[in-house]
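Pasting upload_21.txt here (compact mmCIF, C-alpha atoms):
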# COMPACT_ATOMS: atom_id res chain seq x y z
CA MET U 278 120.47 101.87 299.47
CA ALA U 279 119.51 104.70 297.12
CA GLU U 280 116.72 104.08 294.62
CA ILE U 281 117.89 102.79 291.24
CA PRO U 282 117.24 105.38 288.52
CA THR U 283 116.04 104.45 285.05
CA HIS U 284 116.87 105.32 281.45
CA THR U 285 114.21 106.03 278.83
CA LEU U 286 115.12 104.37 275.55
CA ASN U 287 114.52 105.86 272.10
CA ASP U 288 111.35 103.75 271.75
CA GLY U 289 109.85 105.17 274.97
CA THR U 290 110.43 102.15 277.21
CA THR U 291 112.42 102.47 280.43
CA LEU U 292 115.03 100.18 281.95
CA PRO U 293 117.07 100.28 285.17
CA ALA U 294 120.41 102.11 285.11
CA ILE U 295 122.29 98.96 286.14
CA GLY U 296 121.77 95.31 285.26
CA PHE U 297 122.84 91.84 286.29
CA GLY U 298 124.99 89.76 283.93
CA THR U 299 124.40 86.01 284.04
CA TYR U 300 127.33 84.52 282.09
CA PRO U 301 128.39 81.78 282.96
CA LEU U 302 125.82 81.03 285.67
CA ARG U 303 124.28 77.62 284.93
CA GLY U 304 122.57 74.76 286.71
CA GLU U 305 121.05 74.89 290.18
CA ASP U 306 123.86 77.07 291.51
CA GLY U 307 123.33 79.49 288.62
CA THR U 308 119.59 79.68 289.27
CA ALA U 309 120.24 80.34 292.98
CA SER U 310 122.69 83.13 292.11
CA ILE U 311 120.16 84.80 289.82
CA VAL U 312 117.46 84.51 292.49
CA SER U 313 119.89 86.12 294.94
CA ALA U 314 120.46 89.01 292.54
CA LEU U 315 116.73 89.57 292.15
CA GLU U 316 116.34 89.51 295.94
CA ALA U 317 119.14 92.09 296.20
CA GLY U 318 117.14 94.43 293.97
CA TYR U 319 118.33 93.89 290.39
CA ARG U 320 115.51 94.36 287.91
CA LEU U 321 117.44 94.04 284.63
CA VAL U 322 118.74 90.53 283.87
CA ASP U 323 120.99 89.88 280.86
CA THR U 324 121.22 86.45 279.21
CA ALA U 325 121.84 85.02 275.72
CA VAL U 326 121.41 81.86 273.70
CA ASN U 327 125.17 81.36 273.83
CA TYR U 328 125.22 81.59 277.64
CA GLU U 329 123.14 78.39 277.72
CA ASN U 330 121.27 79.59 280.81
CA GLU U 331 117.97 81.03 279.58
CA THR U 332 116.18 78.17 281.35
CA GLU U 333 117.90 79.11 284.61
CA VAL U 334 116.94 82.77 284.18
CA GLY U 335 113.29 81.85 283.64
CA GLU U 336 113.28 79.54 286.64
CA ALA U 337 114.88 82.24 288.80
CA LEU U 338 112.17 84.70 287.78
CA ARG U 339 109.49 82.25 288.84
CA ARG U 340 111.19 81.42 292.14
CA SER U 341 111.68 85.09 292.97
CA GLY U 342 107.96 85.68 293.29
CA LEU U 343 108.29 88.99 291.42
CA SER U 344 105.62 89.92 288.92
CA ARG U 345 106.61 89.66 285.28
CA ASP U 346 106.40 93.42 284.73
CA GLU U 347 108.89 94.10 287.53
CA VAL U 348 111.86 92.50 285.72
CA PHE U 349 113.44 93.60 282.43
CA VAL U 350 114.75 90.49 280.63
CA THR U 351 117.36 90.71 277.86
CA SER U 352 118.47 87.91 275.55
CA LYS U 353 120.52 87.73 272.33
CA ILE U 354 120.47 86.11 268.90
CA PRO U 355 123.72 84.20 268.20
CA GLY U 356 125.70 84.50 264.99
CA ARG U 357 124.50 81.15 263.62
CA HIS U 358 120.91 82.46 263.62
CA HIS U 359 121.33 85.59 261.47
CA GLY U 360 119.14 84.55 258.54
CA TYR U 361 115.67 86.14 258.78
CA ASP U 362 113.77 82.92 259.46
CA ASP U 363 116.53 81.64 261.73
CA ALA U 364 116.43 84.85 263.76
CA VAL U 365 112.67 84.60 264.21
CA ALA U 366 113.00 80.97 265.28
CA SER U 367 115.87 81.88 267.63
CA VAL U 368 113.75 84.41 269.50
CA ARG U 369 110.82 82.02 269.74
CA SER U 370 113.11 79.32 271.11
CA SER U 371 114.52 81.76 273.66
CA LEU U 372 110.99 82.54 274.83
CA GLU U 373 110.30 78.80 275.24
CA ARG U 374 113.43 78.31 277.34
CA LEU U 375 112.69 81.40 279.41
CA GLY U 376 109.04 80.41 279.82
CA LEU U 377 107.98 83.93 278.83
CA GLU U 378 105.55 85.39 276.31
CA ARG U 379 107.97 88.18 275.40
CA THR U 380 111.44 89.48 276.13
CA ASP U 381 111.90 93.09 277.15
CA LEU U 382 115.05 93.59 275.08
CA HIS U 383 116.48 91.37 272.38
CA LEU U 384 119.90 91.97 270.85
CA ILE U 385 121.92 90.71 267.91
CA HIS U 386 124.88 89.30 269.86
CA TRP U 387 127.57 90.11 267.27
CA PRO U 388 127.45 91.56 263.74
CA ASN U 389 129.41 88.71 262.07
CA PRO U 390 130.26 90.96 259.10
CA GLY U 391 132.07 88.16 257.25
CA GLN U 392 128.76 86.30 257.09
CA GLY U 393 127.02 89.57 256.23
CA ARG U 394 123.50 88.64 257.35
CA TYR U 395 123.08 90.93 260.35
CA VAL U 396 120.71 93.17 258.39
CA GLU U 397 118.39 90.18 257.95
CA ALA U 398 118.54 89.53 261.68
CA TRP U 399 117.72 93.19 262.34
CA ARG U 400 114.72 93.07 259.99
CA ALA U 401 113.52 90.00 261.91
CA LEU U 402 113.83 91.82 265.24
CA VAL U 403 111.83 94.76 263.87
CA ALA U 404 109.07 92.37 262.80
CA LEU U 405 109.13 90.54 266.16
CA ARG U 406 108.86 93.85 267.98
CA ASP U 407 105.87 94.83 265.84
CA GLU U 408 104.34 91.42 266.61
CA GLY U 409 104.76 91.99 270.36
CA LEU U 410 107.16 89.12 271.07
CA VAL U 411 109.92 91.59 271.93
CA ARG U 412 109.43 94.95 273.61
CA SER U 413 112.68 96.71 272.65
CA ILE U 414 115.35 95.73 270.15
CA GLY U 415 119.05 96.41 269.99
CA VAL U 416 122.47 95.10 269.10
CA SER U 417 125.77 94.17 270.71
CA ASN U 418 129.35 94.76 269.56
CA PHE U 419 128.26 96.82 266.53
CA THR U 420 130.55 99.47 265.07
CA GLU U 421 129.40 102.81 263.67
CA GLU U 422 129.35 101.31 260.16
CA HIS U 423 127.20 98.36 261.25
CA LEU U 424 124.76 100.68 263.03
CA GLU U 425 124.41 102.98 260.05
CA ARG U 426 123.77 100.08 257.70
CA ILE U 427 120.83 98.64 259.66
CA ILE U 428 119.37 102.09 260.29
CA ASP U 429 119.61 102.98 256.60
CA ASP U 430 118.03 99.65 255.64
CA THR U 431 115.06 99.69 258.01
CA GLY U 432 114.67 103.22 259.31
CA VAL U 433 114.75 101.71 262.82
CA THR U 434 117.49 102.74 265.24
CA PRO U 435 118.55 100.21 267.89
CA ALA U 436 117.49 101.13 271.41
CA VAL U 437 120.74 99.73 272.83
CA ASN U 438 124.25 98.76 271.72
CA GLN U 439 125.94 96.57 274.31
CA VAL U 440 129.72 96.87 273.98
CA GLU U 441 132.85 96.10 275.93
CA LEU U 442 133.46 99.18 278.07
CA HIS U 443 135.60 99.67 281.18
CA PRO U 444 138.33 102.08 282.38
CA ARG U 445 140.99 100.36 280.25
CA PHE U 446 138.74 100.64 277.18
CA PRO U 447 136.29 103.55 277.65
CA GLN U 448 134.94 103.55 274.08
CA GLU U 449 134.88 107.33 273.65
CA HIS U 450 134.16 107.14 269.93
CA MET U 451 131.29 104.66 270.20
CA ARG U 452 129.75 106.53 273.13
CA ALA U 453 129.76 109.66 270.97
CA VAL U 454 128.19 107.72 268.09
CA HIS U 455 125.50 106.41 270.42
CA ASP U 456 124.79 109.90 271.75
CA ARG U 457 124.44 111.22 268.18
CA LEU U 458 122.08 108.41 267.16
CA GLY U 459 120.07 108.28 270.41
CA ILE U 460 121.25 104.78 271.35
CA ARG U 461 121.78 103.75 274.98
CA THR U 462 125.28 102.40 275.71
CA GLU U 463 125.34 99.18 277.75
CA ALA U 464 128.65 97.84 279.08
CA TRP U 465 129.66 94.20 279.21
CA SER U 466 132.68 93.38 281.38
CA PRO U 467 132.23 96.78 283.08
CA MET U 468 135.06 96.13 285.54
CA GLY U 469 137.56 94.82 282.99
CA LYS U 470 137.69 91.26 284.40
CA ARG U 471 141.21 90.21 285.38
CA ARG U 472 142.54 93.60 284.26
CA ALA U 473 140.16 95.54 286.48
CA PRO U 474 142.03 98.64 287.76
CA LEU U 475 140.98 98.04 291.36
CA GLU U 476 144.39 99.02 292.72
CA GLU U 477 145.04 102.07 290.54
CA ASP U 478 145.42 105.33 292.48
CA ALA U 479 142.62 106.99 290.50
CA VAL U 480 140.23 104.30 291.73
CA THR U 481 141.48 103.69 295.27
CA SER U 482 141.68 107.39 296.14
CA ALA U 483 138.10 107.94 294.94
CA ALA U 484 136.96 104.90 296.92
CA GLN U 485 138.60 106.22 300.06
CA SER U 486 137.14 109.70 299.66
CA HIS U 487 133.59 108.36 299.27
CA GLY U 488 133.83 105.46 301.71
CA VAL U 489 133.01 102.84 299.10
CA SER U 490 134.82 99.93 297.40
CA PRO U 491 136.98 100.27 294.27
CA GLY U 492 134.42 98.18 292.39
CA GLN U 493 131.66 100.59 293.34
CA VAL U 494 133.79 103.48 292.08
CA ILE U 495 134.19 101.83 288.67
CA LEU U 496 130.47 101.13 288.38
CA ARG U 497 129.70 104.71 289.44
CA TRP U 498 132.12 105.91 286.73
CA HIS U 499 129.95 104.05 284.22
CA VAL U 500 126.79 105.64 285.57
CA GLN U 501 128.23 109.13 285.26
CA LEU U 502 129.42 108.46 281.70
CA GLY U 503 125.86 107.49 280.79
CA SER U 504 126.88 103.86 280.34
CA LEU U 505 124.61 101.15 281.72
CA PRO U 506 126.89 98.57 283.39
CA ILE U 507 125.97 94.89 283.66
CA PRO U 508 128.20 93.42 286.39
CA LYS U 509 128.13 89.72 287.22
CA SER U 510 128.79 88.12 290.59
CA ALA U 511 127.59 84.91 292.18
CA ASP U 512 128.37 86.25 295.68
CA PRO U 513 125.30 87.78 297.40
CA GLY U 514 127.38 90.35 299.28
CA ARG U 515 129.13 91.49 296.11
CA GLN U 516 125.83 91.54 294.23
CA ALA U 517 124.39 93.97 296.78
CA GLN U 518 127.55 96.08 296.80
CA ASN U 519 127.59 96.36 293.00
CA LEU U 520 124.01 97.56 293.04
CA ASP U 521 124.68 100.23 295.68
CA VAL U 522 126.26 102.92 293.47
CA PHE U 523 123.59 105.61 293.46
CA GLY U 524 124.22 107.13 296.89
CA PHE U 525 127.43 108.98 296.02
CA GLU U 526 128.82 110.99 293.11
CA LEU U 527 132.34 111.16 291.71
CA THR U 528 133.80 114.58 291.04
CA PRO U 529 134.52 115.53 287.41
CA GLU U 530 138.21 115.23 288.24
CA GLN U 531 137.74 111.69 289.57
CA VAL U 532 135.81 110.66 286.46
CA ALA U 533 138.55 112.12 284.25
CA ALA U 534 141.30 110.38 286.23
CA ILE U 535 139.59 107.00 285.85
CA SER U 536 139.02 107.62 282.13
CA SER U 537 142.74 108.40 281.80
CA LEU U 538 143.48 104.73 282.62
CA ALA U 539 142.56 103.94 279.00
CA GLU U 540 145.14 101.94 277.07
CA PRO U 541 145.79 102.09 273.30
CA ASP U 542 143.95 98.81 272.82
CA GLY U 543 142.58 97.96 276.22
CA ARG U 544 139.86 95.57 275.06
CA LEU U 545 139.75 92.20 276.76
CA PHE U 546 138.71 90.40 273.62
CA GLY U 547 141.60 90.39 271.17
CA GLY U 548 139.51 90.63 268.03
CA ASP U 549 137.76 93.44 266.23
CA PRO U 550 134.01 93.73 265.61
CA ASP U 551 134.76 94.29 261.91
CA THR U 552 136.36 90.86 261.56
CA HIS U 553 135.25 88.66 264.47
CA GLU U 554 132.74 85.92 263.84
CA GLU U 555 130.61 84.69 266.73
CA MET U 556 128.66 81.46 266.58

How would this structure read if it were set down as structure tokens?
Amino acid sequence: MAEIPTHTLNDGTTLPAIGFGTYPLRGEDGTASIVSALEAGYRLVDTAVNYENETEVGEALRRSGLSRDEVFVTSKIPGRHHGYDDAVASVRSSLERLGLERTDLHLIHWPNPGQGRYVEAWRALVALRDEGLVRSIGVSNFTEEHLERIIDDTGVTPAVNQVELHPRFPQEHMRAVHDRLGIRTEAWSPMGKRRAPLEEDAVTSAAQSHGVSPGQVILRWHVQLGSLPIPKSADPGRQAQNLDVFGFELTPEQVAAISSLAEPDGRLFGGDPDTHEEM
């Protein structure tokens, strides 16, 4: 397996170019699946308060035998914790459940614009970063308007915006916004879940030409777009396969063909970040 490259974030920290998603891995089976992913070579693990599995992630880290500095741990503040004090308490509670002294990346899970307190949550993350409880800070599901508001308010640009991104919904506009602002794009649901285009000609022909699986082609498409995918699988074989996407390269034509699978509104979640409220 080729070595996993890294990305340098706008705050100078580095993180692996692919991560492991943990939703909805819970309980003993969830812990075992996360341990399996770490044994396969994943070094970026993504969790959240709303996934209700931070305890499992922390236990998996301890069982893995890896040193703390070898694994990049991400968690997220839920919508119900957007007030400044609530956000600070949320991060501290996450650290308790994880059994860690700091997280490597902490995100605001959703902007909740109807509630309108995401700026407070962002101010709290800036303070927690300065205090050393969080190494890097970012957001998830933010639009251009949401990003500009928190940057204007604090002068601090998120290191990451984690958004839904897959061949049916390639997020061209937000990727361009991120490039302009110096924000790393992370992709949740990088395959597209049940709508994954695993049988589309653009994907299967590329898989055949490179001798890899359709899933590996889609994850490689992310890598070449500059998107950091966070696939989830409880199957050890699939975990290893998903990680093995750095030993081949799609042609520009193959990347374009996969991007052309975009649909007018190909998002899996039916709502809009401007209106959706997340608890």

Using only C-alpha atoms, determine which residues lie at most 9 Å from Glu397 in chain U, disregarding the query and same-chain residues fewer than 3 positions distant; provide the list as a PyMOL selection string. chain U and resi 359-362+364+393-394+400-402+427

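Neighbours of Leu286 in chain U closer than or equal to 10 Å, with all atoms listed in the file counted and sequence neighbours fewer than 4 positions away skipped, come out as Thr290, Thr291, Leu292, Ser413, Pro435, Ala436, Val437, Gly459, Ile460 and Arg461 of chain U.
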
Could those residues be written to a file, using C-alpha atoms, as a compact mmCIF listing (two decimals), in the frame of the given file?
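The resulting out.txt:
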# COMPACT_ATOMS: atom_id res chain seq x y z
CA THR U 290 110.43 102.15 277.21
CA THR U 291 112.42 102.47 280.43
CA LEU U 292 115.03 100.18 281.95
CA SER U 413 112.68 96.71 272.65
CA PRO U 435 118.55 100.21 267.89
CA ALA U 436 117.49 101.13 271.41
CA VAL U 437 120.74 99.73 272.83
CA GLY U 459 120.07 108.28 270.41
CA ILE U 460 121.25 104.78 271.35
CA ARG U 461 121.78 103.75 274.98

Spatial neighbours of range 352-354 of chain U, max dist 7 Å, all atoms listed in the file, sep filter under 5 positions, as a VMD selection string: chain U and resid 323 to 326 364 367 to 368 382 to 386

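Distance annotation: of U:Ala337, U:Val433, U:Val440, U:Val348, the residue with the minimal separation from Leu458 in chain U is U:Val433; atom set is all atoms listed in the file.
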
Counting only C-alpha atoms, which residue out of U:Asp521, U:Asp363, U:Glu477, U:Asp381 sits closest to Tyr319 in chain U?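 That would be U:Asp521, the residue with the smallest distance to Tyr319 in chain U.
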
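One distance worth recording is that between CA of Arg379 in chain U and CA of Asn327 in chain U, which is 18.6 Å.
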
Separation of CA of Tyr395 in chain U from CA of Thr299 in chain U, in Å and rounded to one decimal: 24.2 Å

Among U:Phe523, U:Trp399, U:Trp498, U:Phe419, Pro293 in chain U is approached most closely, using only C-alpha atoms, by U:Phe523

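For the pair CA of Leu315 in chain U and CA of Val350 in chain U, the interatomic distance is 11.7 Å.
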